[in-house]
file model26.cif (mmCIF, C-alpha atoms and all ligand atoms)
data_final
loop_
_atom_site.label_atom_id
_atom_site.label_comp_id
_atom_site.auth_asym_id
_atom_site.auth_seq_id
_atom_site.Cartn_x
_atom_site.Cartn_y
_atom_site.Cartn_z
CA MET A 1 -25.14 35.81 27.15
CA ILE A 2 -23.00 33.35 29.05
CA ILE A 3 -25.65 30.71 28.77
CA SER A 4 -25.95 31.10 25.05
CA CYS A 5 -22.18 30.97 24.79
CA LEU A 6 -22.03 27.69 26.66
CA GLY A 7 -24.97 26.50 24.66
CA THR A 8 -23.05 27.06 21.47
CA VAL A 9 -20.08 25.13 22.78
CA SER A 10 -22.03 22.12 23.93
CA ALA A 11 -23.94 22.05 20.65
CA THR A 12 -20.70 21.33 18.79
CA PRO A 13 -20.85 17.64 17.88
CA PRO A 14 -18.08 15.50 19.35
CA LEU A 15 -15.26 14.78 16.95
CA LYS A 16 -15.77 11.49 15.21
CA TYR A 17 -12.81 9.57 14.00
CA TYR A 18 -11.06 6.24 14.10
CA ASP A 19 -9.51 5.06 17.35
CA SER A 20 -7.12 2.62 15.70
CA ILE A 21 -5.83 1.45 12.32
CA PHE A 22 -4.71 -2.04 11.33
CA SER A 23 -2.78 -2.36 8.10
CA PHE A 24 -1.91 -5.34 5.89
CA GLY A 25 0.07 -5.32 2.67
CA ASP A 26 3.48 -5.07 1.06
CA SER A 27 6.24 -2.47 0.61
CA LEU A 28 3.70 0.22 -0.16
CA ALA A 29 2.59 0.04 3.49
CA ASP A 30 5.42 -1.62 5.43
CA THR A 31 6.70 0.63 8.23
CA GLY A 32 9.45 -1.73 9.37
CA ASN A 33 8.46 -5.41 9.42
CA PHE A 34 10.65 -6.49 6.53
CA LEU A 35 13.69 -4.76 8.00
CA LEU A 36 12.98 -6.34 11.40
CA SER A 37 12.69 -9.75 9.75
CA GLY A 38 16.23 -9.43 8.40
CA ALA A 39 15.68 -7.87 4.96
CA LEU A 40 18.09 -10.35 3.43
CA ALA A 41 16.88 -9.69 -0.11
CA PHE A 42 17.00 -5.92 0.25
CA PRO A 43 19.36 -4.84 3.04
CA VAL A 44 19.81 -1.28 1.69
CA ILE A 45 16.36 -0.51 3.05
CA GLY A 46 18.06 -0.19 6.43
CA GLU A 47 20.30 2.65 5.27
CA LEU A 48 20.07 6.17 3.91
CA PRO A 49 18.97 7.50 1.48
CA TYR A 50 15.87 5.48 2.50
CA GLY A 51 14.07 7.71 4.98
CA GLU A 52 16.28 10.75 4.28
CA THR A 53 13.52 13.30 3.74
CA TYR A 54 11.21 12.92 6.71
CA PHE A 55 12.58 10.56 9.34
CA HIS A 56 16.23 11.43 8.53
CA ARG A 57 17.07 7.79 9.13
CA ALA A 58 16.09 4.50 7.58
CA THR A 59 12.98 3.08 9.23
CA GLY A 60 12.34 0.17 6.90
CA ARG A 61 9.94 2.17 4.76
CA CYS A 62 10.58 1.72 1.03
CA SER A 63 10.63 5.46 0.33
CA ASN A 64 12.39 8.68 1.23
CA GLY A 65 9.74 9.43 3.84
CA ARG A 66 6.16 8.72 4.83
CA LEU A 67 3.81 6.26 3.13
CA VAL A 68 0.07 6.35 2.44
CA VAL A 69 -0.62 4.62 5.77
CA ASP A 70 1.38 7.28 7.64
CA PHE A 71 -0.65 10.07 6.08
CA ILE A 72 -3.90 8.28 6.89
CA ALA A 73 -2.76 7.99 10.52
CA GLU A 74 -1.94 11.72 10.54
CA ALA A 75 -5.33 12.54 9.05
CA TYR A 76 -7.03 10.87 12.01
CA GLY A 77 -4.67 12.15 14.69
CA LEU A 78 -3.22 8.70 15.34
CA PRO A 79 0.42 7.77 15.85
CA TYR A 80 2.37 6.15 13.02
CA LEU A 81 1.58 2.46 13.17
CA PRO A 82 4.29 0.39 14.81
CA PRO A 83 5.37 -2.62 12.77
CA TYR A 84 4.02 -5.82 14.30
CA LEU A 85 7.47 -7.38 14.57
CA ALA A 86 8.59 -4.49 16.82
CA LEU A 87 5.96 -5.44 19.42
CA ALA A 88 8.02 -8.43 20.46
CA LYS A 89 10.55 -5.95 21.83
CA GLY A 90 7.82 -4.84 24.22
CA ASN A 91 8.23 -1.06 24.12
CA GLU A 92 5.76 -0.21 21.40
CA LYS A 93 2.13 0.70 22.08
CA PHE A 94 -0.34 -1.08 19.89
CA GLU A 95 -3.79 -0.04 21.16
CA GLN A 96 -4.08 2.58 18.41
CA GLY A 97 -3.12 0.21 15.69
CA VAL A 98 -0.49 -2.07 14.26
CA ASN A 99 1.03 -2.51 10.85
CA PHE A 100 1.32 -6.09 9.59
CA ALA A 101 2.49 -5.19 6.06
CA VAL A 102 5.80 -6.67 4.88
CA ALA A 103 7.82 -5.41 1.92
CA GLY A 104 7.92 -8.00 -0.83
CA ALA A 105 4.86 -9.82 0.50
CA THR A 106 2.48 -11.53 -1.87
CA ALA A 107 -1.24 -11.95 -1.36
CA MET A 108 -1.03 -15.66 -2.19
CA ASP A 109 1.02 -18.00 -0.03
CA ALA A 110 4.71 -18.45 -0.79
CA LYS A 111 4.07 -22.15 -1.47
CA ILE A 112 2.19 -21.27 -4.66
CA PHE A 113 5.32 -19.57 -5.99
CA TYR A 114 7.56 -22.43 -4.88
CA ASP A 115 5.24 -24.85 -6.68
CA ARG A 116 5.61 -22.68 -9.78
CA LYS A 117 9.40 -22.78 -9.41
CA ILE A 118 9.84 -19.07 -8.66
CA GLY A 119 9.78 -19.34 -4.86
CA GLN A 120 13.51 -18.63 -4.53
CA ILE A 121 13.08 -15.08 -5.82
CA LEU A 122 10.55 -14.10 -3.12
CA TRP A 123 11.84 -11.49 -0.66
CA THR A 124 9.65 -12.88 2.09
CA ASN A 125 7.20 -15.65 2.89
CA ASP A 126 5.06 -13.33 5.01
CA SER A 127 2.05 -13.40 2.70
CA LEU A 128 -1.39 -12.12 3.59
CA SER A 129 -2.33 -15.30 5.46
CA VAL A 130 0.81 -15.00 7.63
CA GLN A 131 -0.10 -11.38 8.38
CA LEU A 132 -3.65 -12.44 9.28
CA GLY A 133 -2.21 -15.04 11.63
CA TRP A 134 -0.24 -12.27 13.38
CA PHE A 135 -3.42 -10.23 13.66
CA LYS A 136 -5.32 -13.09 15.27
CA LYS A 137 -2.52 -13.55 17.77
CA LEU A 138 -2.52 -9.86 18.65
CA LYS A 139 -6.30 -9.70 18.81
CA SER A 140 -6.36 -12.03 21.80
CA THR A 141 -4.40 -9.38 23.72
CA LEU A 142 -6.68 -6.51 22.62
CA CYS A 143 -10.08 -7.96 23.48
CA SER A 144 -11.52 -11.23 24.70
CA THR A 145 -15.25 -11.73 24.22
CA LYS A 146 -17.05 -11.26 20.94
CA GLU A 147 -18.89 -8.20 22.32
CA ASP A 148 -15.67 -6.78 23.68
CA CYS A 149 -13.96 -7.14 20.28
CA ALA A 150 -16.96 -5.76 18.41
CA LYS A 151 -16.80 -2.66 20.59
CA TYR A 152 -13.06 -2.29 20.04
CA PHE A 153 -13.17 -2.73 16.27
CA LYS A 154 -16.25 -0.56 15.76
CA LYS A 155 -13.97 2.45 15.48
CA SER A 156 -11.02 0.71 13.84
CA LEU A 157 -10.03 1.23 10.25
CA PHE A 158 -8.64 -1.82 8.46
CA LEU A 159 -6.38 -1.26 5.47
CA VAL A 160 -6.19 -4.31 3.23
CA GLY A 161 -3.41 -3.49 0.79
CA GLU A 162 -2.26 -2.47 -1.56
CA ILE A 163 -1.43 -6.16 -1.80
CA GLY A 164 -1.21 -8.40 -4.85
CA GLY A 165 1.23 -6.27 -6.85
CA ASN A 166 4.08 -8.64 -5.96
CA ASP A 167 2.09 -11.68 -7.01
CA TYR A 168 2.50 -10.25 -10.51
CA ASN A 169 5.90 -8.52 -10.13
CA TYR A 170 7.81 -11.72 -9.40
CA PRO A 171 6.48 -13.67 -12.40
CA PHE A 172 6.70 -10.61 -14.71
CA PHE A 173 10.32 -10.05 -13.72
CA VAL A 174 11.28 -13.60 -14.65
CA GLY A 175 9.67 -13.42 -18.06
CA GLY A 176 5.99 -14.21 -17.50
CA SER A 177 3.74 -12.84 -20.23
CA ILE A 178 0.68 -10.69 -19.69
CA LYS A 179 -1.44 -13.48 -21.12
CA GLN A 180 -0.01 -16.02 -18.66
CA LEU A 181 -0.40 -13.66 -15.73
CA LYS A 182 -4.00 -12.84 -16.50
CA ALA A 183 -4.75 -16.39 -15.43
CA LEU A 184 -3.39 -15.56 -11.96
CA VAL A 185 -5.72 -12.60 -11.42
CA PRO A 186 -8.76 -14.56 -10.18
CA LEU A 187 -6.57 -16.39 -7.66
CA VAL A 188 -4.99 -13.19 -6.35
CA VAL A 189 -8.36 -11.45 -6.11
CA GLU A 190 -9.88 -14.45 -4.35
CA THR A 191 -7.05 -14.36 -1.79
CA ILE A 192 -7.53 -10.65 -1.08
CA VAL A 193 -11.28 -11.06 -0.77
CA ALA A 194 -10.91 -14.10 1.51
CA ALA A 195 -8.64 -12.05 3.80
CA THR A 196 -11.14 -9.20 3.86
CA SER A 197 -13.90 -11.63 4.66
CA MET A 198 -11.90 -13.16 7.48
CA LEU A 199 -11.26 -9.75 9.02
CA ILE A 200 -14.99 -9.04 8.97
CA GLU A 201 -15.62 -12.39 10.67
CA GLU A 202 -13.08 -11.29 13.31
CA GLY A 203 -15.02 -8.08 13.94
CA ALA A 204 -13.82 -5.50 11.39
CA VAL A 205 -16.60 -3.22 10.14
CA GLU A 206 -14.73 -0.52 8.25
CA LEU A 207 -12.25 -1.74 5.65
CA ILE A 208 -10.36 -0.14 2.80
CA VAL A 209 -9.36 -2.65 0.16
CA ALA A 210 -6.83 -1.20 -2.25
CA GLY A 211 -6.38 -1.84 -5.93
CA ASN A 212 -3.09 -1.82 -7.80
CA LEU A 213 -1.11 1.12 -9.09
CA PRO A 214 -0.59 1.75 -12.83
CA ILE A 215 2.44 -0.55 -13.16
CA GLY A 216 2.99 0.55 -16.76
CA CYS A 217 4.14 3.93 -15.38
CA ASN A 218 6.67 2.32 -13.03
CA ALA A 219 10.39 2.78 -13.79
CA VAL A 220 11.23 -0.90 -13.33
CA TYR A 221 8.52 -1.97 -15.80
CA LEU A 222 9.43 0.85 -18.20
CA THR A 223 13.06 -0.31 -18.09
CA LEU A 224 12.52 -4.07 -18.35
CA PHE A 225 9.86 -3.87 -21.04
CA ARG A 226 11.25 -0.95 -23.01
CA THR A 227 10.39 -1.15 -26.68
CA PRO A 228 11.03 0.91 -29.82
CA ASN A 229 7.36 0.45 -30.69
CA ILE A 230 5.91 3.88 -29.88
CA SER A 231 2.34 2.62 -29.98
CA ALA A 232 3.10 0.57 -26.86
CA TYR A 233 3.16 3.86 -24.88
CA ASP A 234 0.30 6.12 -23.87
CA GLN A 235 0.34 9.93 -23.93
CA ASN A 236 2.06 10.00 -20.53
CA GLY A 237 4.87 7.67 -21.60
CA CYS A 238 3.48 4.68 -19.69
CA LEU A 239 3.27 1.15 -21.09
CA LYS A 240 -0.34 0.69 -22.13
CA ALA A 241 -0.49 -3.07 -21.89
CA TYR A 242 0.82 -3.14 -18.31
CA ASN A 243 -1.55 -0.41 -17.19
CA ALA A 244 -4.37 -2.37 -18.80
CA PHE A 245 -3.24 -5.35 -16.73
CA SER A 246 -3.52 -3.31 -13.50
CA LYS A 247 -6.95 -2.16 -14.57
CA TYR A 248 -7.97 -5.74 -15.22
CA HIS A 249 -6.92 -6.77 -11.71
CA ASN A 250 -8.73 -3.76 -10.26
CA SER A 251 -11.97 -4.42 -12.14
CA GLN A 252 -11.97 -8.05 -10.96
CA LEU A 253 -11.33 -6.92 -7.40
CA LYS A 254 -14.15 -4.38 -7.53
CA LEU A 255 -16.58 -7.01 -8.79
CA ALA A 256 -15.61 -9.41 -6.01
CA LEU A 257 -16.01 -6.67 -3.38
CA GLU A 258 -19.54 -6.03 -4.62
CA THR A 259 -20.41 -9.64 -3.85
CA LEU A 260 -18.76 -9.32 -0.45
CA ARG A 261 -20.89 -6.26 0.36
CA GLN A 262 -24.02 -8.29 -0.23
CA LYS A 263 -22.74 -10.98 2.12
CA TYR A 264 -21.81 -8.47 4.85
CA PRO A 265 -24.25 -5.55 4.63
CA HIS A 266 -23.26 -4.33 8.12
CA ALA A 267 -19.66 -3.70 7.01
CA ASN A 268 -18.40 -0.67 5.10
CA ILE A 269 -16.21 -2.29 2.45
CA ILE A 270 -14.43 0.55 0.71
CA TYR A 271 -12.53 0.19 -2.54
CA ALA A 272 -9.44 2.43 -2.74
CA ASP A 273 -8.65 3.41 -6.28
CA TYR A 274 -4.85 3.73 -6.08
CA TYR A 275 -4.75 3.59 -9.86
CA GLY A 276 -6.96 6.65 -10.29
CA ALA A 277 -5.30 8.55 -7.44
CA ALA A 278 -1.84 7.99 -8.97
CA LYS A 279 -2.91 8.43 -12.59
CA ARG A 280 -3.68 12.07 -11.82
CA PHE A 281 -0.03 12.92 -11.32
CA PHE A 282 1.22 10.68 -14.13
CA HIS A 283 -1.14 12.61 -16.36
CA ALA A 284 -0.25 16.10 -15.16
CA PRO A 285 3.17 15.94 -13.43
CA LYS A 286 3.78 19.70 -13.34
CA HIS A 287 0.45 20.35 -11.68
CA TYR A 288 1.62 18.20 -8.74
CA GLY A 289 5.06 19.78 -8.54
CA PHE A 290 6.88 16.92 -10.23
CA SER A 291 9.13 19.19 -12.26
CA GLU A 292 11.46 16.28 -13.04
CA GLY A 293 8.56 14.16 -14.23
CA THR A 294 6.93 11.07 -12.85
CA LEU A 295 8.63 8.25 -14.75
CA VAL A 296 12.32 8.72 -13.93
CA ALA A 297 13.38 7.52 -10.47
CA CYS A 298 14.95 9.96 -8.02
CA CYS A 299 17.39 7.39 -6.69
CA GLY A 300 19.13 5.01 -9.02
CA GLY A 301 22.15 4.12 -11.08
CA GLY A 302 21.33 5.57 -14.49
CA GLY A 303 19.48 4.52 -17.59
CA PRO A 304 16.55 6.23 -19.31
CA TYR A 305 14.38 5.85 -16.18
CA ASN A 306 17.28 5.98 -13.72
CA PHE A 307 16.67 2.34 -12.88
CA ASN A 308 19.66 0.09 -13.32
CA ASN A 309 19.28 -3.35 -11.85
CA SER A 310 23.00 -3.64 -11.14
CA ALA A 311 23.14 -0.27 -9.34
CA ARG A 312 19.78 0.04 -7.62
CA CYS A 313 19.08 2.79 -5.11
CA GLY A 314 21.31 2.39 -2.07
CA HIS A 315 23.92 0.31 -3.91
CA THR A 316 27.33 1.39 -5.19
CA GLY A 317 26.96 3.39 -8.39
CA SER A 318 23.57 4.84 -7.45
CA ARG A 319 22.66 8.18 -5.99
CA ALA A 320 19.58 10.09 -4.95
CA CYS A 321 18.40 13.28 -6.61
CA LEU A 322 18.78 16.54 -4.71
CA ASP A 323 15.07 17.20 -4.25
CA PRO A 324 12.92 14.06 -4.13
CA SER A 325 9.73 16.16 -4.13
CA THR A 326 10.36 16.87 -7.83
CA HIS A 327 10.01 13.14 -8.58
CA ALA A 328 7.09 10.75 -8.18
CA ASN A 329 9.26 7.65 -8.39
CA TRP A 330 11.72 7.09 -5.56
CA ASP A 331 13.89 4.05 -6.29
CA GLY A 332 12.55 2.68 -9.55
CA VAL A 333 9.95 0.51 -7.85
CA HIS A 334 8.47 2.58 -5.03
CA LEU A 335 7.12 6.12 -4.96
CA THR A 336 8.35 9.22 -3.16
CA GLU A 337 6.77 10.61 -0.02
CA VAL A 338 5.13 13.41 -2.00
CA ALA A 339 3.57 10.93 -4.41
CA TYR A 340 2.23 8.86 -1.50
CA ARG A 341 0.87 12.03 0.06
CA HIS A 342 -1.10 12.82 -3.09
CA ILE A 343 -2.50 9.29 -3.13
CA ALA A 344 -3.44 9.45 0.55
CA MET A 345 -5.16 12.78 0.00
CA GLY A 346 -7.09 11.33 -2.91
CA LEU A 347 -8.33 8.57 -0.61
CA VAL A 348 -9.08 10.43 2.61
CA LYS A 349 -10.52 13.56 1.00
CA GLY A 350 -11.92 11.78 -2.01
CA PRO A 351 -12.82 11.01 -4.66
CA PHE A 352 -10.83 7.76 -4.81
CA THR A 353 -12.60 5.78 -2.11
CA SER A 354 -15.96 4.25 -2.82
CA PRO A 355 -18.08 4.31 -0.80
CA PRO A 356 -16.44 7.15 1.18
CA LEU A 357 -14.92 6.67 4.61
CA THR A 358 -17.37 6.93 7.50
CA PHE A 359 -15.40 9.61 9.33
CA PRO A 360 -13.91 12.71 7.70
CA PRO A 361 -10.26 13.46 8.50
CA ILE A 362 -9.64 15.64 11.57
CA ASN A 363 -6.22 16.91 10.46
CA ASP A 364 -4.86 18.31 7.25
CA PHE A 365 -1.68 16.80 5.92
C1 LIG A 401 10.46 -19.31 2.61
O1 LIG A 401 10.12 -20.66 2.79
C2 LIG A 401 10.96 -21.55 2.07
C3 LIG A 401 10.37 -22.95 2.14
O2 LIG A 401 9.92 -23.23 3.43
C4 LIG A 401 12.37 -21.45 2.64
O3 LIG A 401 13.23 -22.35 1.96
C5 LIG A 401 12.87 -20.03 2.44
O4 LIG A 401 14.13 -19.84 3.00
C6 LIG A 401 11.89 -19.01 3.03
N1 LIG A 401 12.26 -17.69 2.56
C7 LIG A 401 12.40 -16.65 3.36
C8 LIG A 401 12.80 -15.37 2.71
O5 LIG A 401 12.19 -16.71 4.55
C1 LIG A 402 3.15 -2.12 -30.99
O1 LIG A 402 2.32 -1.92 -29.86
C2 LIG A 402 0.95 -2.01 -30.12
C3 LIG A 402 0.19 -1.63 -28.84
O2 LIG A 402 0.62 -2.39 -27.76
C4 LIG A 402 0.62 -3.41 -30.60
O3 LIG A 402 -0.75 -3.51 -30.89
C5 LIG A 402 1.44 -3.73 -31.85
O4 LIG A 402 1.24 -5.08 -32.21
C6 LIG A 402 2.92 -3.50 -31.58
N1 LIG A 402 3.66 -3.64 -32.81
C7 LIG A 402 4.75 -4.41 -32.93
C8 LIG A 402 5.43 -4.40 -34.25
O5 LIG A 402 5.18 -5.09 -32.01
#

call {"tool": "encode", "arguments": {"input": "model26.cif", "output": "structure tokens"}}
result
Amino acid sequence: MIISCLGTVSATPPLKYYDSIFSFGDSLADTGNFLLSGALAFPVIGELPYGETYFHRATGRCSNGRLVVDFIAEAYGLPYLPPYLALAKGNEKFEQGVNFAVAGATAMDAKIFYDRKIGQILWTNDSLSVQLGWFKKLKSTLCSTKEDCAKYFKKSLFLVGEIGGNDYNYPFFVGGSIKQLKALVPLVVETIVAATSMLIEEGAVELIVAGNLPIGCNAVYLTLFRTPNISAYDQNGCLKAYNAFSKYHNSQLKLALETLRQKYPHANIIYADYYGAAKRFFHAPKHYGFSEGTLVACCGGGGPYNFNNSARCGHTGSRACLDPSTHANWDGVHLTEVAYRHIAMGLVKGPFTSPPLTFPPINDF
């Protein structure tokens, strides 16, 4: 009896999961870098109501609580990723992962936007290549030889993005047309793919590369590009042309990743369909508990979508809704914790990652 009991126990396969996570991106993933870098363009991120729901203090996350990356860490039993810029202070552990994402970051280098005369509106110059530079610097402290690094990164999950959304936001917000911006897509995609490629060359074998969200459902876009033309809106009240733009970016990215998979057959290059994962709740808000809908921001200073550029969330004249879990949109630009949780679930548990992640989650969230 005892023997068979022990036999049963030892027959249980060891838990398989990721040992560490490295994340790159923008405000959708930033857990504090932008705030640590000064947050000159967006100082309210350092104050409540940012962070009010989960952390009960502002952490530098552009939401009321946790982000997709936080839920992925939870799913694999890992600590929330410390922001890279906190490591300089010396009291953060980084062996289980680091977050290099910076709110406001673009995929393409800041210089490209300065050359196009819109550099001065960038929140940060910490583009993807800057974040990769930080990674390379950190890597030398994690492992030394190629074999050593290969062993370390074998069980690391690399999150590339979401990134690229800001490459379009900045020019859209200063009057760029969809037609003009379509010309940028190949450059943005090429930048994301080059970063992914570089990470693989550095030893990454499991990577999630994220596509863009449906920007036509975003309060800032809905406010800036509001039109009396009802045929500009889809059945969910989103701007069709802007959603089509996100889809265009995503389809180009998916094509480029296919080519990358052929080049690196040993790597698991996973596409994360943020668009599809988010579209579910834009399509059926009530089903996801968004009783106040998905288009109107929880925190803002009024207007049809509660986004008012002169009284944005955190500024005088704005206020946060009583229960952020009834809203998908947090501050007009970013989503609420609950919305990010639904996206994370759609990625980790499927079906919005293709191919699927190598390891199933060990925790529910
Ligand atoms: C970005 O770089 C430009 C040019 O080097 C500089 O003028 C600007 O202050 C930088 N912006 C930020 C937010 O650091
Ligand atoms: C209204 O929007 C539709 C769909 O975007 C577009 O095809 C049409 O040209 C627009 N009409 C006007 C008058 O702008």

call {"tool": "residues_near_ligand", "arguments": {"input": "model26.cif", "ligand": "ligand LIG 402 (chain A)", "cutoff": "10 Å", "atoms": "only C-alpha atoms and all ligand atoms", "output": "mmCIF file with C-alpha atoms, in the coordinates of the input"}}
result
data_model
loop_
_atom_site.group_PDB
_atom_site.id
_atom_site.type_symbol
_atom_site.label_atom_id
_atom_site.label_comp_id
_atom_site.auth_asym_id
_atom_site.auth_seq_id
_atom_site.Cartn_x
_atom_site.Cartn_y
_atom_site.Cartn_z
ATOM 1 C CA THR A 227 10.390 -1.150 -26.680
ATOM 2 C CA PRO A 228 11.030 0.910 -29.820
ATOM 3 C CA ASN A 229 7.360 0.450 -30.690
ATOM 4 C CA ILE A 230 5.910 3.880 -29.880
ATOM 5 C CA SER A 231 2.340 2.620 -29.980
ATOM 6 C CA ALA A 232 3.100 0.570 -26.860
ATOM 7 C CA TYR A 233 3.160 3.860 -24.880
ATOM 8 C CA ASP A 234 0.300 6.120 -23.870
ATOM 9 C CA LEU A 239 3.270 1.150 -21.090
ATOM 10 C CA LYS A 240 -0.340 0.690 -22.130
ATOM 11 C CA ALA A 241 -0.490 -3.070 -21.890
ATOM 12 C CA TYR A 242 0.820 -3.140 -18.310
#

call {"tool": "residues_around", "arguments": {"input": "model26.cif", "residues": "range 326-334 of chain A", "least_positions_apart": "5", "cutoff": "8 Å", "atoms": "only C-alpha atoms", "output": "ChimeraX atom specification"}}
result
/A:27-28,62-64,218-220,289-300,305-307,312-313,339

call {"tool": "residues_near_ligand", "arguments": {"input": "model26.cif", "ligand": "ligand LIG 401 (chain A)", "cutoff": "10 Å", "atoms": "only C-alpha atoms and all ligand atoms", "output": "list in words"}}
result
Phe34, Ser37, Gly38, Ala39, Leu40, Ala41, Gly104, Ala105, Asp109, Ala110, Lys111, Tyr114, Gly119, Gln120, Ile121, Leu122, Trp123, Thr124, Asn125 and Asp126 of chain A

call {"tool": "atom_distance", "arguments": {"input": "model26.cif", "atom1": "CA of Gln235 in chain A", "atom2": "CA of Ala344 in chain A"}}
result
24.8 Å

call {"tool": "atom_distance", "arguments": {"input": "model26.cif", "atom1": "CA of Ile269 in chain A", "atom2": "CA of Asn250 in chain A"}}
result
14.8 Å

call {"tool": "closest_atom_pairs", "arguments": {"input": "model26.cif", "of": "range 33-83 of chain A", "to": "range 349-355 of chain A", "cutoff": "12 Å", "atoms": "all atoms listed in the file", "output": "tab-separated table"}}
result
residue	atom	partner	partner_atom	distance
A:Phe71	CA	A:Lys349	CA	11.6
A:Ile72	CA	A:Lys349	CA	10.3
A:Ala75	CA	A:Lys349	CA	9.6
A:Tyr76	CA	A:Lys349	CA	11.9

call {"tool": "residues_around", "arguments": {"input": "model26.cif", "residues": "Pro186 in chain A", "least_positions_apart": "6", "cutoff": "9 Å", "atoms": "all atoms listed in the file", "output": "PyMOL selection string"}}
result
chain A and resi 249+252-253

call {"tool": "residues_around", "arguments": {"input": "model26.cif", "residues": "Val193 in chain A", "least_positions_apart": "6", "cutoff": "9 Å", "atoms": "all atoms listed in the file", "output": "list in words"}}
result
Val209, Leu253, Ala256, Leu257 and Leu260 of chain A

call {"tool": "write_last_selection", "arguments": {"input": "model26.cif", "atoms": "C-alpha atoms", "output": "PDB file, in the frame of the given file"}}
result
ATOM      1  CA  VAL A 209      -9.360  -2.650   0.160  1.00  0.00           C
ATOM      2  CA  LEU A 253     -11.330  -6.920  -7.400  1.00  0.00           C
ATOM      3  CA  ALA A 256     -15.610  -9.410  -6.010  1.00  0.00           C
ATOM      4  CA  LEU A 257     -16.010  -6.670  -3.380  1.00  0.00           C
ATOM      5  CA  LEU A 260     -18.760  -9.320  -0.450  1.00  0.00           C
TER       6      LEU A 260
END

call {"tool": "residues_around", "arguments": {"input": "model26.cif", "residues": "range 178-181 of chain A", "least_positions_apart": "6", "cutoff": "10 Å", "atoms": "all atoms listed in the file", "output": "JSON, numbers by chain"}}
result
{"A": [167, 168, 169, 171, 172, 241, 242, 244, 245]}

call {"tool": "residues_around", "arguments": {"input": "model26.cif", "residues": "Leu207 in chain A", "least_positions_apart": "3", "cutoff": "6 Å", "atoms": "only C-alpha atoms", "output": "list in words"}}
result
Leu157, Phe158, Leu159, Ile269 and Ile270 of chain A
